[in-house]
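The file query_2.pdb comes next; it holds PDB, C-alpha atoms.
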ATOM      1  CA  ARG A  10     -65.491  59.013 -11.214
ATOM      2  CA  ARG A  11     -66.474  61.021  -8.101
ATOM      3  CA  VAL A  12     -67.785  64.544  -8.542
ATOM      4  CA  LEU A  13     -68.061  67.063  -5.693
ATOM      5  CA  PHE A  14     -71.040  69.376  -5.941
ATOM      6  CA  ARG A  15     -73.791  70.857  -3.822
ATOM      7  CA  SER A  16     -77.464  70.241  -4.361
ATOM      8  CA  ALA A  17     -80.342  71.844  -2.443
ATOM      9  CA  LEU A  18     -83.907  70.581  -2.026
ATOM     10  CA  ARG A  19     -86.610  73.133  -1.210
ATOM     11  CA  ILE A  20     -88.812  71.949   1.637
ATOM     12  CA  PRO A  21     -92.086  73.917   1.616
ATOM     13  CA  ARG A  22     -93.312  75.385   4.899
ATOM     14  CA  TRP A  23     -96.349  73.079   4.819
ATOM     15  CA  CYS A  24     -94.162  69.954   4.658
ATOM     16  CA  VAL A  25     -93.462  69.009   8.267
ATOM     17  CA  GLY A  26     -91.529  65.779   8.745
ATOM     18  CA  ALA A  27     -89.659  65.589   5.417
ATOM     19  CA  THR A  28     -86.659  63.252   5.291
ATOM     20  CA  VAL A  29     -83.750  62.691   2.923
ATOM     21  CA  SER A  30     -81.716  59.517   2.541
ATOM     22  CA  ILE A  31     -78.744  58.937   0.256
ATOM     23  CA  ASN A  32     -77.953  55.436  -1.002
ATOM     24  CA  GLY A  33     -80.189  53.752   1.571
ATOM     25  CA  GLU A  34     -78.544  55.412   4.587
ATOM     26  CA  PRO A  35     -80.782  56.210   7.573
ATOM     27  CA  PRO A  36     -83.144  59.095   6.738
ATOM     28  CA  GLN A  37     -82.128  62.535   7.938
ATOM     29  CA  PRO A  38     -84.730  65.173   8.853
ATOM     30  CA  ALA A  39     -85.188  68.057   6.417
ATOM     31  CA  PRO A  40     -86.712  71.077   8.218
ATOM     32  CA  SER A  41     -89.702  72.744   6.592
ATOM     33  CA  GLY A  42     -89.577  76.220   5.094
ATOM     34  CA  ARG A  43     -85.906  75.933   4.115
ATOM     35  CA  PHE A  44     -83.527  74.481   1.590
ATOM     36  CA  HIS A  45     -81.930  71.185   2.571
ATOM     37  CA  ALA A  46     -78.341  71.250   1.295
ATOM     38  CA  LEU A  47     -76.577  68.117   0.106
ATOM     39  CA  ARG A  48     -72.841  68.589  -0.374
ATOM     40  CA  ARG A  49     -70.784  65.522  -1.065
ATOM     41  CA  ALA A  50     -68.743  63.645  -3.587
ATOM     42  CA  TRP A  51     -71.222  61.878  -5.846
ATOM     43  CA  ASN A  52     -70.663  58.602  -7.661
ATOM     44  CA  PRO A  53     -72.505  57.348 -10.726
ATOM     45  CA  GLY A  54     -75.642  55.513  -9.557
ATOM     46  CA  ASP A  55     -75.993  57.377  -6.240
ATOM     47  CA  THR A  56     -79.638  57.796  -5.264
ATOM     48  CA  ILE A  57     -81.522  60.307  -3.164
ATOM     49  CA  ASP A  58     -84.728  59.173  -1.446
ATOM     50  CA  PHE A  59     -86.830  62.182  -0.575
ATOM     51  CA  ASN A  60     -89.953  61.738   1.577
ATOM     52  CA  MET A  61     -92.352  64.690   1.716
ATOM     53  CA  PRO A  62     -95.474  64.102   3.833
ATOM     54  CA  MET A  63     -98.433  65.894   2.261
ATOM     55  CA  PRO A  64    -101.272  66.113   4.754
ATOM     56  CA  LEU A  65    -104.528  67.791   3.878
ATOM     57  CA  ARG A  66    -104.675  71.368   5.070
ATOM     58  CA  CYS A  67    -107.180  74.183   5.064
ATOM     59  CA  VAL A  68    -105.560  77.445   3.980
ATOM     60  CA  ARG A  69    -107.114  80.712   5.143
ATOM     61  CA  GLY A  70    -108.424  82.960   2.381
ATOM     62  CA  ARG A  71    -107.450  86.616   2.178
ATOM     63  CA  ARG A  72    -109.026  89.758   0.790
ATOM     64  CA  ALA A  73    -111.992  88.713  -1.399
ATOM     65  CA  GLN A  74    -111.783  85.210   0.109
ATOM     66  CA  ALA A  75    -111.690  86.315   3.769
ATOM     67  CA  GLY A  76    -113.763  83.975   5.940
ATOM     68  CA  ARG A  77    -113.202  81.085   3.547
ATOM     69  CA  VAL A  78    -110.632  78.334   3.178
ATOM     70  CA  ALA A  79    -109.062  76.460   0.291
ATOM     71  CA  LEU A  80    -108.365  72.764   0.724
ATOM     72  CA  LEU A  81    -104.890  71.597  -0.332
ATOM     73  CA  ARG A  82    -102.744  68.494  -0.198
ATOM     74  CA  GLY A  83     -99.160  69.422  -0.884
ATOM     75  CA  PRO A  84     -99.248  71.746  -3.894
ATOM     76  CA  VAL A  85    -102.599  70.357  -5.129
ATOM     77  CA  ILE A  86    -105.664  72.516  -4.561
ATOM     78  CA  PHE A  87    -109.158  71.014  -4.699
ATOM     79  CA  THR A  88    -112.243  72.392  -6.435
ATOM     80  CA  LEU A  89    -115.974  71.749  -6.394
ATOM     81  CA  ASN A  90    -117.382  70.383  -9.641
ATOM     82  CA  PRO A  91    -121.202  70.615  -9.337
ATOM     83  CA  GLU A  92    -121.703  67.764 -11.850
ATOM     84  CA  ARG A  93    -119.846  65.374  -9.512
ATOM     85  CA  ASN A  94    -122.043  66.380  -6.544
ATOM     86  CA  PRO A  95    -125.690  66.029  -7.643
ATOM     87  CA  ALA A  96    -127.028  65.570  -4.080
ATOM     88  CA  LEU A  97    -125.473  68.877  -3.081
ATOM     89  CA  THR A  98    -126.149  70.873  -6.204
ATOM     90  CA  SER A  99    -129.668  69.706  -7.082
ATOM     91  CA  ALA A 100    -131.218  72.692  -5.309
ATOM     92  CA  GLN A 101    -132.211  75.316  -7.821
ATOM     93  CA  ASP A 102    -130.671  78.121  -5.771
ATOM     94  CA  PHE A 103    -127.339  76.329  -5.159
ATOM     95  CA  GLU A 104    -124.440  78.780  -5.195
ATOM     96  CA  PRO A 105    -120.962  77.157  -4.958
ATOM     97  CA  ARG A 106    -119.464  80.261  -3.336
ATOM     98  CA  GLN A 107    -121.980  79.988  -0.485
ATOM     99  CA  MET A 108    -121.225  76.367   0.375
ATOM    100  CA  MET A 109    -119.783  75.595   3.812
ATOM    101  CA  ILE A 110    -117.466  72.679   4.615
ATOM    102  CA  GLN A 111    -116.503  71.128   7.951
ATOM    103  CA  PRO A 112    -112.665  71.013   8.070
ATOM    104  CA  SER A 113    -112.667  68.617  11.025
ATOM    105  CA  GLU A 114    -114.343  65.968   8.835
ATOM    106  CA  LEU A 115    -111.875  65.771   5.962
ATOM    107  CA  ILE A 116    -111.249  62.347   4.478
ATOM    108  CA  GLU A 117    -107.781  61.582   3.125
ATOM    109  CA  PRO A 118    -107.551  61.818  -0.669
ATOM    110  CA  ALA A 119    -108.282  58.745  -2.736
ATOM    111  CA  PRO A 120    -107.165  57.776  -6.247
ATOM    112  CA  ASP A 121    -109.403  59.350  -8.871
ATOM    113  CA  ASP A 122    -108.695  59.423 -12.616
ATOM    114  CA  PHE A 123    -111.486  61.922 -13.399
ATOM    115  CA  VAL A 124    -109.109  64.854 -14.042
ATOM    116  CA  ARG A 125    -105.945  62.979 -14.980
ATOM    117  CA  PRO A 126    -104.515  59.458 -14.819
ATOM    118  CA  GLY A 127    -103.078  58.908 -11.347
ATOM    119  CA  GLY A 128    -105.054  61.837  -9.941
ATOM    120  CA  ILE A 129    -106.775  62.183  -6.582
ATOM    121  CA  SER A 130    -109.999  63.515  -5.125
ATOM    122  CA  CYS A 131    -110.994  64.428  -1.591
ATOM    123  CA  LYS A 132    -114.213  64.038   0.381
ATOM    124  CA  VAL A 133    -115.554  66.348   3.062
ATOM    125  CA  GLN A 134    -118.901  66.954   4.732
ATOM    126  CA  GLY A 135    -120.616  70.162   3.671
ATOM    127  CA  TRP A 136    -123.734  72.269   3.834
ATOM    128  CA  PRO A 137    -125.401  73.652   0.718
ATOM    129  CA  SER A 138    -125.835  77.397   0.556
ATOM    130  CA  GLY A 139    -128.369  78.734   3.029
ATOM    131  CA  PRO A 140    -128.867  80.426   6.404
ATOM    132  CA  PHE A 141    -125.786  79.157   8.254
ATOM    133  CA  ASN A 142    -126.692  80.717  11.584
ATOM    134  CA  PHE A 143    -128.299  77.310  12.290
ATOM    135  CA  TRP A 144    -125.507  75.241  10.686
ATOM    136  CA  PRO A 145    -125.098  72.690  13.491
ATOM    137  CA  PHE A 146    -128.689  71.572  12.955
ATOM    138  CA  ILE A 147    -128.708  71.487   9.151
ATOM    139  CA  PRO A 148    -127.923  68.020   7.740
ATOM    140  CA  ARG A 149    -124.567  67.791   5.998
ATOM    141  CA  VAL A 150    -124.023  66.065   2.693
ATOM    142  CA  PRO A 151    -120.862  64.369   1.389
ATOM    143  CA  VAL A 152    -118.928  66.570  -1.010
ATOM    144  CA  LEU A 153    -116.429  65.232  -3.544
ATOM    145  CA  LEU A 154    -113.689  67.707  -4.461
ATOM    146  CA  SER A 155    -111.553  67.238  -7.589
ATOM    147  CA  GLU A 156    -108.059  68.436  -8.380
ATOM    148  CA  TYR A 157    -108.083  72.081  -9.473
ATOM    149  CA  PRO A 158    -107.458  71.590 -13.177
ATOM    150  CA  ASP A 159    -110.976  70.050 -13.291
ATOM    151  CA  ALA A 160    -112.595  72.015 -16.120
ATOM    152  CA  GLY A 161    -115.961  71.797 -14.326
ATOM    153  CA  GLY A 162    -114.593  73.241 -11.071
ATOM    154  CA  ARG A 163    -116.642  76.221  -9.843
ATOM    155  CA  ALA A 164    -115.210  77.006  -6.388
ATOM    156  CA  ILE A 165    -111.928  76.543  -4.566
ATOM    157  CA  TYR A 166    -112.709  78.631  -1.465
ATOM    158  CA  PHE A 167    -115.395  77.520   0.965
ATOM    159  CA  LEU A 168    -117.056  78.957   4.046
ATOM    160  CA  VAL A 169    -116.236  77.235   7.356
ATOM    161  CA  PRO A 170    -118.040  77.212  10.716
ATOM    162  CA  ASP A 171    -115.043  78.783  12.512
ATOM    163  CA  GLU A 172    -112.424  80.585  10.452
ATOM    164  CA  ARG A 173    -110.219  80.952  13.559
ATOM    165  CA  ALA A 174    -109.945  77.174  14.138
ATOM    166  CA  THR A 175    -106.399  76.006  14.835
ATOM    167  CA  SER A 176    -106.665  73.512  11.960
ATOM    168  CA  ILE A 177    -106.791  76.403   9.481
ATOM    169  CA  VAL A 178    -103.367  77.702   8.442
ATOM    170  CA  ASP A 179    -102.071  80.777   6.665
ATOM    171  CA  ASP A 180    -100.857  80.581   3.087
ATOM    172  CA  GLU A 181     -97.218  79.484   3.003
ATOM    173  CA  LEU A 182     -96.446  82.144   0.411
ATOM    174  CA  ILE A 183     -97.309  84.858   2.933
ATOM    175  CA  GLU A 184     -94.392  85.665   5.208
ATOM    176  CA  PRO A 185     -95.285  85.064   8.848
ATOM    177  CA  SER A 186     -95.451  88.261  10.864
ATOM    178  CA  ALA A 187     -92.418  88.937  13.003
TER     179      ALA A 187
END
For the structure just supplied, provide its representation as structure tokens.
Amino acid sequence: RRVLFRSALRIPRWCVGATVSINGEPPQPAPSGRFHALRRAWNPGDTIDFNMPMPLRCVRGRRAQAGRVALLRGPVIFTLNPERNPALTSAQDFEPRQMMIQPSELIEPAPDDFVRPGGISCKVQGWPSGPFNFWPFIPRVPVLLSEYPDAGGRAIYFLVPDERATSIVDDELIEPSA
């Protein structure tokens, strides 16, 4: 029995290149920052294939986090767990809030069951806390970031060498200025 109804899929602003396909038909683009409406007569067993690319992105901090970025992949935010980064955090004066990361050296997330089965983690190059006016000459260390629900997470916003870099985006929940 066919049923006519409308369905709408929310495509977040960060999701550029989303596509929707019904019953194996060619994928149709679904523009970001909008609802993608599906209005049709549906049959039992109809399927919707929804592809949402989730690239890593650095989101600009605001207010108390100004000058910092949070690292996200889709809706997942990453955090620094000092116990998972002994090379970075072994310094006695290590302060997670003063750590700097290099957004241009992000490594795509990899499977990681540390926080949850089927979870992910992300690697980036970073500098421990210190006098960053000489940051290009200070050796970087690899930093492993866990998914935010990591109980040992101590920071989700990090300093960056250039907070105005084009690779850093505004929070999608903030309306763009007109």
Go through the shown structure with the PyMOL selection byres ((chain A and resi 61-74) around 9) and write out the matching residues as a compact mmCIF listing (two decimals) with C-alpha atoms, in the coordinates of the input.
# COMPACT_ATOMS: atom_id res chain seq x y z
CA ILE A 20 -88.81 71.95 1.64
CA TRP A 23 -96.35 73.08 4.82
CA CYS A 24 -94.16 69.95 4.66
CA VAL A 25 -93.46 69.01 8.27
CA GLY A 26 -91.53 65.78 8.74
CA ALA A 27 -89.66 65.59 5.42
CA THR A 28 -86.66 63.25 5.29
CA VAL A 29 -83.75 62.69 2.92
CA PHE A 59 -86.83 62.18 -0.57
CA ASN A 60 -89.95 61.74 1.58
CA ALA A 75 -111.69 86.32 3.77
CA GLY A 76 -113.76 83.98 5.94
CA ARG A 77 -113.20 81.08 3.55
CA VAL A 78 -110.63 78.33 3.18
CA ALA A 79 -109.06 76.46 0.29
CA LEU A 80 -108.36 72.76 0.72
CA LEU A 81 -104.89 71.60 -0.33
CA ARG A 82 -102.74 68.49 -0.20
CA GLY A 83 -99.16 69.42 -0.88
CA PRO A 84 -99.25 71.75 -3.89
CA PRO A 112 -112.66 71.01 8.07
CA LEU A 115 -111.88 65.77 5.96
CA ILE A 116 -111.25 62.35 4.48
CA GLU A 117 -107.78 61.58 3.12
CA PRO A 118 -107.55 61.82 -0.67
CA TYR A 166 -112.71 78.63 -1.46
CA PHE A 167 -115.40 77.52 0.96
CA GLU A 172 -112.42 80.58 10.45
CA ARG A 173 -110.22 80.95 13.56
CA SER A 176 -106.66 73.51 11.96
CA ILE A 177 -106.79 76.40 9.48
CA VAL A 178 -103.37 77.70 8.44
CA ASP A 179 -102.07 80.78 6.66
CA ASP A 180 -100.86 80.58 3.09
CA GLU A 181 -97.22 79.48 3.00
Selection dump of the PyMOL selection byres ((chain A and resi 145-154) around 8), as a list in words:
Phe87, Thr88, Leu89, Asn90, Arg93, Asn94, Ala96, Leu97, Ser130, Cys131, Lys132, Val133, Gln134, Gly135, Trp136, Pro137, Phe143, Trp144, Ser155 and Glu156 of chain A
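With distances restricted to only C-alpha atoms, A:Ala17 is the closest residue to Ile57 of chain A from A:Ile110, A:Ala17, A:Ala164, A:Val12.
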With only C-alpha atoms as the basis for distance, which of A:Arg163, A:Arg11, A:Arg125, A:Arg49 is at the shortest distance from Met108 of chain A?
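Of the candidates, the smallest distance to Met108 of chain A is held by A:Arg163.
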Which of these, A:Val85, A:Trp51, A:Arg43, A:Val124, has the shortest distance to Pro21 of chain A once you count all atoms listed in the file?
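Nearest candidate to Pro21 of chain A out of A:Val85, A:Trp51, A:Arg43, A:Val124: A:Arg43.
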Run the PyMOL selection byres ((chain A and resi 15) around 7) on the file and write out the hits as a ChimeraX atom specification.
/A:14,16-17,46-49
For atom CA of Pro105 of chain A and atom CA of Pro91 of chain A, quote the distance in Å rounded to one decimal.
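Computed distance, atom CA of Pro105 of chain A to atom CA of Pro91 of chain A, equals 7.9 Å.
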Interatomic distance between atom CA of Glu114 of chain A and atom CA of Ala174 of chain A?
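Interatomic distance, atom CA of Glu114 of chain A to atom CA of Ala174 of chain A: 13.2 Å.
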One decimal, Å: what's the distance from atom CA of Phe123 of chain A over to atom CA of Glu92 of chain A, could you say?
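A separation of 11.9 Å between them.
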